$ cat model01.pdb   # PDB, C-alpha atoms
ATOM      1  CA  MET A  77     151.424  61.463 108.739
ATOM      2  CA  GLU A  78     147.835  62.029 107.653
ATOM      3  CA  LEU A  79     146.854  64.960 105.421
ATOM      4  CA  THR A  80     143.337  66.242 104.774
ATOM      5  CA  LEU A  81     142.846  68.260 101.584
ATOM      6  CA  TYR A  82     139.567  69.867 100.522
ATOM      7  CA  ARG A  83     138.618  70.292  96.863
ATOM      8  CA  TYR A  84     137.514  73.642  95.436
ATOM      9  CA  PHE A  85     136.500  75.053  92.085
ATOM     10  CA  LEU A  86     138.455  78.036  90.768
ATOM     11  CA  SER A  87     135.351  80.112  90.014
ATOM     12  CA  GLY A  88     135.473  82.686  87.239
ATOM     13  CA  ALA A  89     138.637  81.268  85.662
ATOM     14  CA  THR A  90     139.575  83.073  82.450
ATOM     15  CA  TRP A  91     141.323  80.179  80.742
ATOM     16  CA  GLY A  92     139.737  77.335  78.800
ATOM     17  CA  LYS A  93     140.092  73.574  79.207
ATOM     18  CA  THR A  94     143.620  73.650  77.827
ATOM     19  CA  PHE A  95     146.500  74.905  79.945
ATOM     20  CA  ASP A  96     149.830  74.340  78.237
ATOM     21  CA  LYS A  97     153.424  74.287  79.483
ATOM     22  CA  LEU A  98     154.036  78.005  78.871
ATOM     23  CA  GLU A  99     150.912  78.946  80.807
ATOM     24  CA  ARG A 100     151.814  76.632  83.675
ATOM     25  CA  ASP A 101     155.407  77.855  83.878
ATOM     26  CA  SER A 102     154.263  81.483  83.748
ATOM     27  CA  VAL A 103     151.987  81.006  86.764
ATOM     28  CA  ILE A 104     154.647  79.128  88.764
ATOM     29  CA  LYS A 105     157.207  81.839  88.012
ATOM     30  CA  GLU A 106     154.902  84.557  89.330
ATOM     31  CA  MET A 107     154.046  82.516  92.438
ATOM     32  CA  MET A 108     157.700  82.128  93.356
ATOM     33  CA  LYS A 109     158.551  85.780  92.607
ATOM     34  CA  LEU A 110     156.037  86.997  95.183
ATOM     35  CA  PRO A 111     157.668  87.914  98.513
ATOM     36  CA  PHE A 112     156.179  86.762 101.789
ATOM     37  CA  GLN A 113     153.223  88.952 102.764
ATOM     38  CA  GLY A 114     152.377  90.616 106.092
ATOM     39  CA  GLU A 115     153.591  93.498 108.229
ATOM     40  CA  GLU A 116     154.879  91.460 111.182
ATOM     41  CA  SER A 117     157.905  89.341 110.303
ATOM     42  CA  GLU A 118     156.943  86.541 112.681
ATOM     43  CA  LYS A 119     153.464  86.244 111.077
ATOM     44  CA  MET A 120     154.311  86.477 107.364
ATOM     45  CA  TYR A 121     152.916  84.062 104.796
ATOM     46  CA  GLY A 122     153.462  83.057 101.189
ATOM     47  CA  PHE A 123     154.629  80.371  98.779
ATOM     48  CA  ALA A 124     157.765  78.529  99.871
ATOM     49  CA  ARG A 125     158.011  75.879  97.163
ATOM     50  CA  CYS A 126     156.233  75.238  93.890
ATOM     51  CA  GLY A 127     156.538  72.639  91.168
ATOM     52  CA  TYR A 128     154.583  70.668  88.616
ATOM     53  CA  PHE A 129     153.689  67.147  87.588
ATOM     54  CA  LYS A 130     152.441  67.123  84.007
ATOM     55  CA  GLU A 131     149.939  70.016  83.763
ATOM     56  CA  ASN A 132     149.288  70.099  87.517
ATOM     57  CA  ILE A 133     150.821  72.762  89.788
ATOM     58  CA  TYR A 134     151.657  71.998  93.416
ATOM     59  CA  GLY A 135     153.551  73.467  96.334
ATOM     60  CA  LEU A 136     153.624  74.597  99.945
ATOM     61  CA  PHE A 137     151.904  77.671 101.331
ATOM     62  CA  ILE A 138     153.661  78.843 104.529
ATOM     63  CA  GLN A 139     152.159  80.657 107.519
ATOM     64  CA  LYS A 140     154.771  81.808 110.034
ATOM     65  CA  HIS A 141     153.815  82.103 113.693
ATOM     66  CA  PRO A 142     155.600  82.917 116.966
ATOM     67  CA  GLN A 143     156.110  80.074 119.394
ATOM     68  CA  VAL A 144     157.433  79.869 122.939
ATOM     69  CA  LEU A 145     159.387  76.808 124.055
ATOM     70  CA  THR A 146     159.675  75.985 127.753
ATOM     71  CA  ASP A 147     162.532  73.916 129.156
ATOM     72  CA  TYR A 148     163.787  72.970 132.626
ATOM     73  CA  ASP A 149     167.349  72.564 133.826
ATOM     74  CA  PRO A 150     167.802  68.912 134.936
ATOM     75  CA  LYS A 151     169.776  69.903 138.042
ATOM     76  CA  THR A 152     168.325  73.213 139.240
ATOM     77  CA  LYS A 153     164.913  72.580 137.708
ATOM     78  CA  LYS A 154     164.890  76.226 136.738
ATOM     79  CA  GLU A 155     162.452  77.115 133.982
ATOM     80  CA  THR A 156     163.784  78.676 130.787
ATOM     81  CA  ARG A 157     161.664  80.068 127.993
ATOM     82  CA  LYS A 158     162.762  80.594 124.418
ATOM     83  CA  GLU A 159     160.850  82.501 121.763
ATOM     84  CA  LEU A 160     161.190  81.486 118.132
ATOM     85  CA  VAL A 161     159.336  81.625 114.807
ATOM     86  CA  ASP A 162     157.876  78.436 113.416
ATOM     87  CA  SER A 163     156.031  77.799 110.124
ATOM     88  CA  GLY A 164     152.859  75.930 109.360
ATOM     89  CA  GLU A 165     152.985  74.172 105.972
ATOM     90  CA  TYR A 166     149.905  73.757 103.768
ATOM     91  CA  LEU A 167     150.074  71.516 100.709
ATOM     92  CA  PHE A 168     148.136  72.625  97.626
ATOM     93  CA  ILE A 169     147.589  71.021  94.214
ATOM     94  CA  ILE A 170     146.095  72.981  91.311
ATOM     95  CA  TYR A 171     144.483  71.186  88.360
ATOM     96  CA  PRO A 172     144.199  74.051  85.821
ATOM     97  CA  GLN A 173     142.537  72.045  83.042
ATOM     98  CA  ILE A 174     139.507  71.248  85.208
ATOM     99  CA  ARG A 175     139.750  74.481  87.240
ATOM    100  CA  GLN A 176     140.033  72.674  90.555
ATOM    101  CA  LEU A 177     142.264  73.027  93.600
ATOM    102  CA  LEU A 178     143.094  70.819  96.571
ATOM    103  CA  PHE A 179     144.149  72.709  99.696
ATOM    104  CA  GLN A 180     145.256  71.188 102.988
ATOM    105  CA  HIS A 181     143.329  71.865 106.201
ATOM    106  CA  ARG A 182     145.130  71.767 109.538
ATOM    107  CA  ARG A 183     143.927  71.931 113.107
ATOM    108  CA  SER A 184     146.305  73.816 115.368
ATOM    109  CA  SER A 185     146.141  75.846 118.541
ATOM    110  CA  VAL A 186     149.020  78.084 117.434
ATOM    111  CA  LEU A 187     148.082  78.713 113.794
ATOM    112  CA  PRO A 188     145.265  81.003 112.583
ATOM    113  CA  PRO A 189     141.857  79.358 111.955
ATOM    114  CA  SER A 190     141.221  77.600 108.635
ATOM    115  CA  ASP A 191     139.032  80.345 107.155
ATOM    116  CA  GLU A 192     141.727  82.966 107.809
ATOM    117  CA  ILE A 193     144.429  80.760 106.277
ATOM    118  CA  GLN A 194     142.270  80.116 103.213
ATOM    119  CA  LYS A 195     141.574  83.836 102.789
ATOM    120  CA  LYS A 196     145.309  84.595 102.846
ATOM    121  CA  PHE A 197     146.056  81.756 100.444
ATOM    122  CA  VAL A 198     143.378  82.802  97.962
ATOM    123  CA  GLY A 199     144.528  86.427  98.115
ATOM    124  CA  ILE A 200     148.139  85.670  97.280
ATOM    125  CA  LEU A 201     147.196  83.020  94.701
ATOM    126  CA  LYS A 202     144.986  85.536  92.885
ATOM    127  CA  LEU A 203     147.830  88.035  93.042
ATOM    128  CA  ALA A 204     150.143  85.555  91.304
ATOM    129  CA  PHE A 205     147.546  84.638  88.649
ATOM    130  CA  ASN A 206     146.688  88.290  88.040
ATOM    131  CA  LYS A 207     150.293  88.983  87.074
ATOM    132  CA  THR A 208     149.684  86.698  84.103
ATOM    133  CA  LYS A 209     146.765  86.844  81.665
ATOM    134  CA  TYR A 210     145.070  84.005  83.580
ATOM    135  CA  MET A 211     142.735  84.986  86.408
ATOM    136  CA  PHE A 212     140.006  83.614  88.664
ATOM    137  CA  ASP A 213     137.522  85.232  91.038
ATOM    138  CA  SER A 214     137.232  82.993  94.090
ATOM    139  CA  LEU A 215     137.146  79.459  95.470
ATOM    140  CA  SER A 216     133.919  77.510  95.844
ATOM    141  CA  GLU A 217     133.793  74.205  97.707
ATOM    142  CA  VAL A 218     133.059  71.118  95.628
ATOM    143  CA  GLU A 219     130.002  69.142  96.675
ATOM    144  CA  GLU A 220     130.383  65.383  96.834
ATOM    145  CA  LYS A 221     128.478  63.660  94.051
ATOM    146  CA  THR A 222     128.329  60.542  91.879
ATOM    147  CA  ASP A 223     128.077  60.788  88.087
ATOM    148  CA  ARG A 224     127.632  57.225  86.878
ATOM    149  CA  THR A 225     126.631  58.372  83.387
ATOM    150  CA  LYS A 226     130.089  59.819  82.830
ATOM    151  CA  VAL A 227     131.867  56.493  83.357
ATOM    152  CA  VAL A 228     129.293  54.623  81.239
ATOM    153  CA  ASN A 229     129.916  57.122  78.446
ATOM    154  CA  ILE A 230     133.688  56.701  78.758
ATOM    155  CA  PHE A 231     133.370  52.907  78.705
ATOM    156  CA  TYR A 232     131.100  52.613  75.670
ATOM    157  CA  LYS A 233     131.899  55.733  73.622
ATOM    158  CA  GLU A 234     135.187  57.429  74.521
ATOM    159  CA  ALA A 235     137.644  54.687  75.488
ATOM    160  CA  ASP A 236     139.599  52.826  72.835
ATOM    161  CA  GLU A 237     140.671  50.266  75.436
ATOM    162  CA  VAL A 238     139.527  49.664  79.027
ATOM    163  CA  LEU A 239     142.291  48.312  81.243
ATOM    164  CA  GLU A 240     140.885  48.311  84.769
ATOM    165  CA  MET A 241     137.642  49.028  86.647
ATOM    166  CA  GLU A 242     136.404  49.177  90.226
ATOM    167  CA  PHE A 243     132.730  49.121  91.239
ATOM    168  CA  ALA A 244     130.637  49.817  94.343
ATOM    169  CA  HIS A 245     126.967  50.065  95.390
ATOM    170  CA  PHE A 246     125.556  47.202  93.325
ATOM    171  CA  ASP A 247     121.774  47.273  92.878
ATOM    172  CA  ASP A 248     119.770  44.773  90.819
ATOM    173  CA  LYS A 249     116.968  47.357  90.480
ATOM    174  CA  LEU A 250     119.380  49.529  88.495
ATOM    175  CA  ILE A 251     119.492  46.852  85.786
ATOM    176  CA  ASP A 252     115.726  47.049  85.347
ATOM    177  CA  LEU A 253     115.872  50.838  85.344
ATOM    178  CA  GLU A 254     118.575  50.946  82.673
ATOM    179  CA  LYS A 255     116.620  48.437  80.623
ATOM    180  CA  ALA A 256     113.499  50.619  80.858
ATOM    181  CA  ASN A 257     115.549  53.672  79.799
ATOM    182  CA  ARG A 258     116.510  51.746  76.658
ATOM    183  CA  GLY A 259     112.855  51.086  75.855
ATOM    184  CA  GLY A 260     112.890  47.548  77.237
ATOM    185  CA  LYS A 261     116.036  46.500  75.362
ATOM    186  CA  ARG A 262     118.622  44.425  77.218
ATOM    187  CA  GLN A 263     122.185  45.587  77.555
ATOM    188  CA  THR A 264     124.449  44.211  74.822
ATOM    189  CA  TYR A 265     126.724  41.952  76.816
ATOM    190  CA  PHE A 266     127.743  39.860  73.812
ATOM    191  CA  ASN A 267     128.000  41.104  70.274
ATOM    192  CA  PRO A 268     126.701  39.761  67.942
ATOM    193  CA  LYS A 269     125.530  36.651  69.849
ATOM    194  CA  GLU A 270     122.014  37.788  70.707
ATOM    195  CA  GLU A 271     121.041  34.367  72.096
ATOM    196  CA  TYR A 272     123.509  34.858  74.964
ATOM    197  CA  GLN A 273     122.047  38.177  76.169
ATOM    198  CA  GLU A 274     119.257  36.779  78.367
ATOM    199  CA  GLY A 275     121.577  34.454  80.273
ATOM    200  CA  MET A 276     124.091  37.236  80.879
ATOM    201  CA  GLU A 277     121.351  39.562  82.066
ATOM    202  CA  GLU A 278     120.346  36.964  84.662
ATOM    203  CA  ALA A 279     123.984  36.691  85.716
ATOM    204  CA  ALA A 280     124.197  40.481  86.034
ATOM    205  CA  ILE A 281     121.101  40.542  88.256
ATOM    206  CA  SER A 282     122.511  37.759  90.451
ATOM    207  CA  LEU A 283     125.838  39.610  90.702
ATOM    208  CA  ALA A 284     124.084  42.841  91.712
ATOM    209  CA  LYS A 285     122.063  41.078  94.392
ATOM    210  CA  ASN A 286     125.040  39.383  96.016
ATOM    211  CA  THR A 287     127.955  41.777  95.525
ATOM    212  CA  GLU A 288     129.019  44.852  97.479
ATOM    213  CA  ARG A 289     132.245  45.836  95.673
ATOM    214  CA  ALA A 290     134.195  44.392  92.758
ATOM    215  CA  SER A 291     137.249  45.099  90.639
ATOM    216  CA  ILE A 292     138.581  43.708  87.395
ATOM    217  CA  LYS A 293     141.871  44.207  85.565
ATOM    218  CA  ALA A 294     142.839  43.251  82.029
ATOM    219  CA  LYS A 295     145.803  41.014  81.354
ATOM    220  CA  GLN A 296     148.825  42.475  79.582
ATOM    221  CA  GLY A 297     147.605  43.476  76.130
ATOM    222  CA  GLY A 298     143.976  42.760  77.065
ATOM    223  CA  ASN A 299     140.903  44.986  76.722
ATOM    224  CA  LEU A 300     137.804  44.892  78.937
ATOM    225  CA  LYS A 301     135.692  47.106  76.684
ATOM    226  CA  LYS A 302     133.837  44.201  75.079
ATOM    227  CA  ASP A 303     134.129  41.779  77.990
ATOM    228  CA  PRO A 304     130.609  40.581  78.986
ATOM    229  CA  ILE A 305     131.472  40.179  82.690
ATOM    230  CA  THR A 306     132.809  43.728  82.896
ATOM    231  CA  ARG A 307     129.679  44.993  81.176
ATOM    232  CA  ALA A 308     127.520  43.058  83.650
ATOM    233  CA  MET A 309     129.383  44.658  86.565
ATOM    234  CA  LEU A 310     128.971  48.125  85.072
ATOM    235  CA  GLU A 311     125.267  47.545  84.413
ATOM    236  CA  GLY A 312     124.580  46.779  88.085
ATOM    237  CA  SER A 313     126.905  49.274  89.805
ATOM    238  CA  ARG A 314     125.578  52.667  90.873
ATOM    239  CA  SER A 315     129.104  53.904  91.676
ATOM    240  CA  PRO A 316     131.858  52.874  89.250
ATOM    241  CA  THR A 317     134.674  54.197  91.425
ATOM    242  CA  LYS A 318     137.531  53.786  88.955
ATOM    243  CA  ILE A 319     138.121  53.282  85.251
ATOM    244  CA  VAL A 320     141.574  53.066  83.681
ATOM    245  CA  TYR A 321     141.421  53.370  79.917
ATOM    246  CA  LYS A 322     143.280  54.398  76.785
ATOM    247  CA  LYS A 323     142.213  56.993  74.277
ATOM    248  CA  ASP A 324     144.442  57.975  71.352
ATOM    249  CA  SER A 325     147.194  55.822  72.934
ATOM    250  CA  ILE A 326     147.173  57.890  76.154
ATOM    251  CA  GLU A 327     146.250  56.171  79.415
ATOM    252  CA  TYR A 328     143.795  57.894  81.784
ATOM    253  CA  THR A 329     142.237  57.208  85.165
ATOM    254  CA  ASP A 330     138.768  58.510  85.948
ATOM    255  CA  SER A 331     135.937  57.981  88.429
ATOM    256  CA  ALA A 332     132.206  58.490  88.839
ATOM    257  CA  VAL A 333     132.770  59.862  92.334
ATOM    258  CA  THR A 334     133.771  63.461  93.054
ATOM    259  CA  ARG A 335     134.826  63.726  96.682
ATOM    260  CA  LYS A 336     134.837  67.022  98.568
ATOM    261  CA  LYS A 337     137.948  66.025 100.492
ATOM    262  CA  GLU A 338     140.856  63.603 100.311
ATOM    263  CA  VAL A 339     142.515  62.048 103.357
ATOM    264  CA  LEU A 340     146.017  60.901 102.470
ATOM    265  CA  THR A 341     148.820  59.241 104.368
ATOM    266  CA  ILE A 342     152.444  60.093 103.614
ATOM    267  CA  GLU A 343     155.648  58.665 105.054
ATOM    268  CA  GLY A 344     158.231  61.037 106.481
ATOM    269  CA  PRO A 345     158.160  64.806 106.944
ATOM    270  CA  ASP A 346     158.773  65.894 103.337
ATOM    271  CA  MET A 347     155.375  65.849 101.623
ATOM    272  CA  ILE A 348     156.710  67.543  98.488
ATOM    273  CA  ALA A 349     159.068  64.619  97.819
ATOM    274  CA  GLN A 350     156.024  62.379  97.510
ATOM    275  CA  ILE A 351     153.852  64.738  95.471
ATOM    276  CA  GLU A 352     153.911  62.649  92.308
ATOM    277  CA  SER A 353     152.480  59.612  94.070
ATOM    278  CA  LEU A 354     149.892  61.809  95.851
ATOM    279  CA  ILE A 355     148.645  63.259  92.566
ATOM    280  CA  THR A 356     148.528  59.820  90.961
ATOM    281  CA  ARG A 357     146.570  58.337  93.871
ATOM    282  CA  LEU A 358     143.915  61.041  94.008
ATOM    283  CA  SER A 359     140.519  60.254  92.524
ATOM    284  CA  LEU A 360     139.551  63.467  90.771
ATOM    285  CA  GLY A 361     136.021  62.704  89.673
ATOM    286  CA  ASP A 362     135.684  65.481  87.105
ATOM    287  CA  ASN A 363     139.155  64.995  85.690
ATOM    288  CA  ARG A 364     140.864  62.668  83.302
ATOM    289  CA  SER A 365     143.982  62.020  85.296
ATOM    290  CA  PRO A 366     146.884  60.799  83.123
ATOM    291  CA  GLY A 367     148.118  57.477  84.475
ATOM    292  CA  LYS A 368     151.459  57.316  82.684
ATOM    293  CA  LYS A 369     154.342  59.625  83.583
ATOM    294  CA  ASP A 370     156.551  61.032  80.856
ATOM    295  CA  SER A 371     160.250  61.287  81.639
ATOM    296  CA  GLY A 372     161.286  64.613  83.158
ATOM    297  CA  GLU A 373     157.784  65.787  83.934
ATOM    298  CA  GLN A 374     158.362  66.580  87.595
ATOM    299  CA  THR A 375     160.171  69.805  88.545
ATOM    300  CA  LEU A 376     160.469  71.559  91.883
ATOM    301  CA  PHE A 377     161.185  75.234  92.474
ATOM    302  CA  ASN A 378     162.558  76.434  95.809
ATOM    303  CA  GLU A 379     162.352  80.011  96.943
TER     304      GLU A 379
END
$ encode --input "model01.pdb" --output "structure tokens"
Amino acid sequence: MELTLYRYFLSGATWGKTFDKLERDSVIKEMMKLPFQGEESEKMYGFARCGYFKENIYGLFIQKHPQVLTDYDPKTKKETRKELVDSGEYLFIIYPQIRQLLFQHRRSSVLPPSDEIQKKFVGILKLAFNKTKYMFDSLSEVEEKTDRTKVVNIFYKEADEVLEMEFAHFDDKLIDLEKANRGGKRQTYFNPKEEYQEGMEEAAISLAKNTERASIKAKQGGNLKKDPITRAMLEGSRSPTKIVYKKDSIEYTDSAVTRKKEVLTIEGPDMIAQIESLITRLSLGDNRSPGKKDSGEQTLFNE
């Protein structure tokens, strides 16, 4: 089954960049305490399940709707109609530390339109947050963008170790541009062997001219941070799409690309059961996504 989730900013959020366990648990508790909303029982909506993976909050938003089933007797061929109440399920993932939200979009002839569903979801989500000291004003859609500078900064300044990288959109002209930005100084591919720099720069230009995408992964115990080939790839790539690195012994995954939507494929009907792998697979762009799971970090709350 294919899921499409759009990314939004939680505009006007009242919390900072830290969002600890007590804060997370407080919000989840209030979400699950809220009863289904709506005056008509067959059209009520609300949170059916909520849980967390590390600092991230996830769950299912439910929109009930009436449905009529038509059947025919195999012998008499007489038509029978049965009315029942069905529920549309919408997966959501909240990343409090970066004030972002992923919310599933569905196309359906029996469910309300997407803008109506989103309005209901935002209303009840704000209601849950407002019952704590943490609030936000509205959702604003994230625009797709590429921030190459962020990954370059992580690689050279923030990361203690670089374990894995993926690159796209190679451009040899970028190498000249970066060189000009440094006042005509070549990138330091080797340190301190200055006599090797010119040859590696030529290799980087050749790589950028002939390569579309590339990836590199360190061996067990290895570190790509000072690897000249990795540096050559980074120098010529306009879109470093993935960097896995360690800082203060914690492993993170990050990207230069912030996508406005994610299209995911899950196996089987229970999307919640696969939430941990979904969160891990998502490229968050503006987030340092922890790549290592601590024992006992996933919990699910049923209504």
$ atom_distance --input "model01.pdb" --atom1 "atom CA of A:Lys130" --atom2 "atom CA of A:Glu99"
12.3 Å
$ resolve_selection --input "model01.pdb" --expression "the PyMOL selection byres ((chain A and resi 186-193) around 9)" --output "list in words"
Gln139, Lys140, His141, Pro142, Gln143, Ser163, Gly164, His181, Arg182, Arg183, Ser184, Ser185, Gln194, Lys195, Lys196, Phe197 and Val198 of chain A
$ resolve_selection --input "model01.pdb" --expression "the PyMOL selection byres ((chain A and resi 315) around 7)" --output "PDB file with C-alpha atoms, in the frame of the given file"
ATOM      1  CA  THR A 222     128.329  60.542  91.879  1.00  0.00           C
ATOM      2  CA  ARG A 224     127.632  57.225  86.878  1.00  0.00           C
ATOM      3  CA  PHE A 243     132.730  49.121  91.239  1.00  0.00           C
ATOM      4  CA  ALA A 244     130.637  49.817  94.343  1.00  0.00           C
ATOM      5  CA  HIS A 245     126.967  50.065  95.390  1.00  0.00           C
ATOM      6  CA  SER A 313     126.905  49.274  89.805  1.00  0.00           C
ATOM      7  CA  ARG A 314     125.578  52.667  90.873  1.00  0.00           C
ATOM      8  CA  PRO A 316     131.858  52.874  89.250  1.00  0.00           C
ATOM      9  CA  THR A 317     134.674  54.197  91.425  1.00  0.00           C
ATOM     10  CA  ALA A 332     132.206  58.490  88.839  1.00  0.00           C
TER      11      ALA A 332
END
$ atom_distance --input "model01.pdb" --atom1 "atom CA of A:Leu167" --atom2 "atom CA of A:Gly135"
5.9 Å
$ residues_near_point --input "model01.pdb" --point "(127.5, 48.7, 95.8)" --cutoff "12 Å" --atoms "only C-alpha atoms" --output "short mmCIF file (atom, residue, chain, number, x, y, z; two decimals) with C-alpha atoms, keeping the file's coordinate frame"
data_model
loop_
_atom_site.label_atom_id
_atom_site.label_comp_id
_atom_site.auth_asym_id
_atom_site.auth_seq_id
_atom_site.Cartn_x
_atom_site.Cartn_y
_atom_site.Cartn_z
CA GLU A 242 136.40 49.18 90.23
CA PHE A 243 132.73 49.12 91.24
CA ALA A 244 130.64 49.82 94.34
CA HIS A 245 126.97 50.06 95.39
CA PHE A 246 125.56 47.20 93.32
CA ASP A 247 121.77 47.27 92.88
CA ASP A 248 119.77 44.77 90.82
CA LYS A 249 116.97 47.36 90.48
CA LEU A 250 119.38 49.53 88.50
CA LEU A 283 125.84 39.61 90.70
CA ALA A 284 124.08 42.84 91.71
CA LYS A 285 122.06 41.08 94.39
CA ASN A 286 125.04 39.38 96.02
CA THR A 287 127.96 41.78 95.52
CA GLU A 288 129.02 44.85 97.48
CA ARG A 289 132.24 45.84 95.67
CA ALA A 290 134.20 44.39 92.76
CA SER A 291 137.25 45.10 90.64
CA MET A 309 129.38 44.66 86.56
CA LEU A 310 128.97 48.12 85.07
CA GLU A 311 125.27 47.54 84.41
CA GLY A 312 124.58 46.78 88.08
CA SER A 313 126.90 49.27 89.80
CA ARG A 314 125.58 52.67 90.87
CA SER A 315 129.10 53.90 91.68
CA PRO A 316 131.86 52.87 89.25
CA THR A 317 134.67 54.20 91.42
#
$ closest_atom_pairs --input "model01.pdb" --of "stretch 208-283 of chain A" --to "stretch 318-330 of chain A" --cutoff "8 Å" --atoms "only C-alpha atoms" --output "JSON lines"
{"residue": "A:Val227", "atom": "CA", "partner": "A:Ile319", "partner_atom": "CA", "distance": 7.3}
{"residue": "A:Glu234", "atom": "CA", "partner": "A:Lys323", "partner_atom": "CA", "distance": 7.0}
{"residue": "A:Ala235", "atom": "CA", "partner": "A:Lys323", "partner_atom": "CA", "distance": 5.3}
{"residue": "A:Asp236", "atom": "CA", "partner": "A:Lys323", "partner_atom": "CA", "distance": 5.1}
{"residue": "A:Glu237", "atom": "CA", "partner": "A:Lys322", "partner_atom": "CA", "distance": 5.1}
{"residue": "A:Val238", "atom": "CA", "partner": "A:Tyr321", "partner_atom": "CA", "distance": 4.3}
{"residue": "A:Leu239", "atom": "CA", "partner": "A:Tyr321", "partner_atom": "CA", "distance": 5.3}
{"residue": "A:Glu240", "atom": "CA", "partner": "A:Val320", "partner_atom": "CA", "distance": 4.9}
{"residue": "A:Met241", "atom": "CA", "partner": "A:Ile319", "partner_atom": "CA", "distance": 4.5}
{"residue": "A:Glu242", "atom": "CA", "partner": "A:Lys318", "partner_atom": "CA", "distance": 4.9}
{"residue": "A:Phe243", "atom": "CA", "partner": "A:Lys318", "partner_atom": "CA", "distance": 7.1}
$ resolve_selection --input "model01.pdb" --expression "the PyMOL selection byres ((chain A and resi 276) around 9)" --output "PyMOL selection string"
chain A and resi 265-266+272-275+277-281+304-305+308
$ atom_distance --input "model01.pdb" --atom1 "atom CA of A:Glu343" --atom2 "atom CA of A:Asp147"
29.3 Å
$ residues_around --input "model01.pdb" --residues "A:Glu338" --least-positions-apart "4" --cutoff "7 Å" --atoms "all atoms listed in the file" --output "JSON, numbers by chain"
{"A": [80, 81, 82]}
$ closest_residue --input "model01.pdb" --among "A:Met77, A:Ile104, A:Val218, A:Ala89" --to "A:Val333" --atoms "only C-alpha atoms"
A:Val218
$ axis_aligned_box --input "model01.pdb" --around "stretch 310-322 of chain A" --padding-each-side "3 Å" --output "JSON"
{"center_x": 133.9, "center_y": 50.6, "center_z": 84.2, "size_x": 24.7, "size_y": 13.6, "size_z": 20.9}
$ closest_residue --input "model01.pdb" --among "A:Glu217, A:Glu270, A:Asp303, A:Asp96" --to "A:Thr334" --atoms "only C-alpha atoms"
A:Glu217
$ closest_residue --input "model01.pdb" --among "A:Phe129, A:Gly199, A:Asp162, A:Thr90" --to "A:Val144" --atoms "only C-alpha atoms"
A:Asp162
$ closest_residue --input "model01.pdb" --among "A:Phe85, A:Glu220, A:Tyr148, A:Ile200" --to "A:Phe123" --atoms "only C-alpha atoms"
A:Ile200
$ decode --input "model01.pdb" --residues "stretch 261-274 of chain A" --atoms "N, CA and C atoms" --output "short mmCIF file (atom, residue, chain, number, x, y, z; two decimals), in the first residue's frame"
data_model
loop_
_atom_site.label_atom_id
_atom_site.label_comp_id
_atom_site.auth_asym_id
_atom_site.auth_seq_id
_atom_site.Cartn_x
_atom_site.Cartn_y
_atom_site.Cartn_z
N LYS A 261 41.46 29.48 -3.59
CA LYS A 261 42.15 28.38 -2.92
C LYS A 261 41.44 27.05 -3.20
N ARG A 262 42.23 26.03 -3.54
CA ARG A 262 41.65 24.71 -3.77
C ARG A 262 41.08 24.12 -2.48
N GLN A 263 40.16 23.21 -2.67
CA GLN A 263 39.67 22.43 -1.53
C GLN A 263 40.84 21.61 -0.96
N THR A 264 40.83 21.40 0.34
CA THR A 264 41.85 20.57 0.97
C THR A 264 41.39 19.12 0.92
N TYR A 265 41.85 18.41 -0.10
CA TYR A 265 41.48 17.01 -0.23
C TYR A 265 42.40 16.14 0.61
N PHE A 266 43.68 16.51 0.63
CA PHE A 266 44.67 15.81 1.44
C PHE A 266 45.24 16.80 2.46
N ASN A 267 45.53 16.32 3.61
CA ASN A 267 46.11 17.18 4.63
C ASN A 267 47.15 16.36 5.40
N PRO A 268 48.43 16.77 5.39
CA PRO A 268 48.95 18.07 4.93
C PRO A 268 49.67 17.99 3.58
N LYS A 269 49.38 17.00 2.75
CA LYS A 269 50.14 16.80 1.51
C LYS A 269 49.64 17.75 0.42
N GLU A 270 50.16 18.97 0.44
CA GLU A 270 49.71 20.01 -0.47
C GLU A 270 50.00 19.65 -1.92
N GLU A 271 51.06 18.88 -2.18
CA GLU A 271 51.41 18.55 -3.56
C GLU A 271 50.40 17.62 -4.22
N TYR A 272 49.51 17.02 -3.43
CA TYR A 272 48.49 16.13 -3.99
C TYR A 272 47.21 16.87 -4.38
N GLN A 273 47.06 18.11 -3.93
CA GLN A 273 45.78 18.81 -4.08
C GLN A 273 45.38 19.02 -5.55
N GLU A 274 46.33 19.42 -6.39
CA GLU A 274 46.02 19.71 -7.79
C GLU A 274 45.51 18.47 -8.51
#
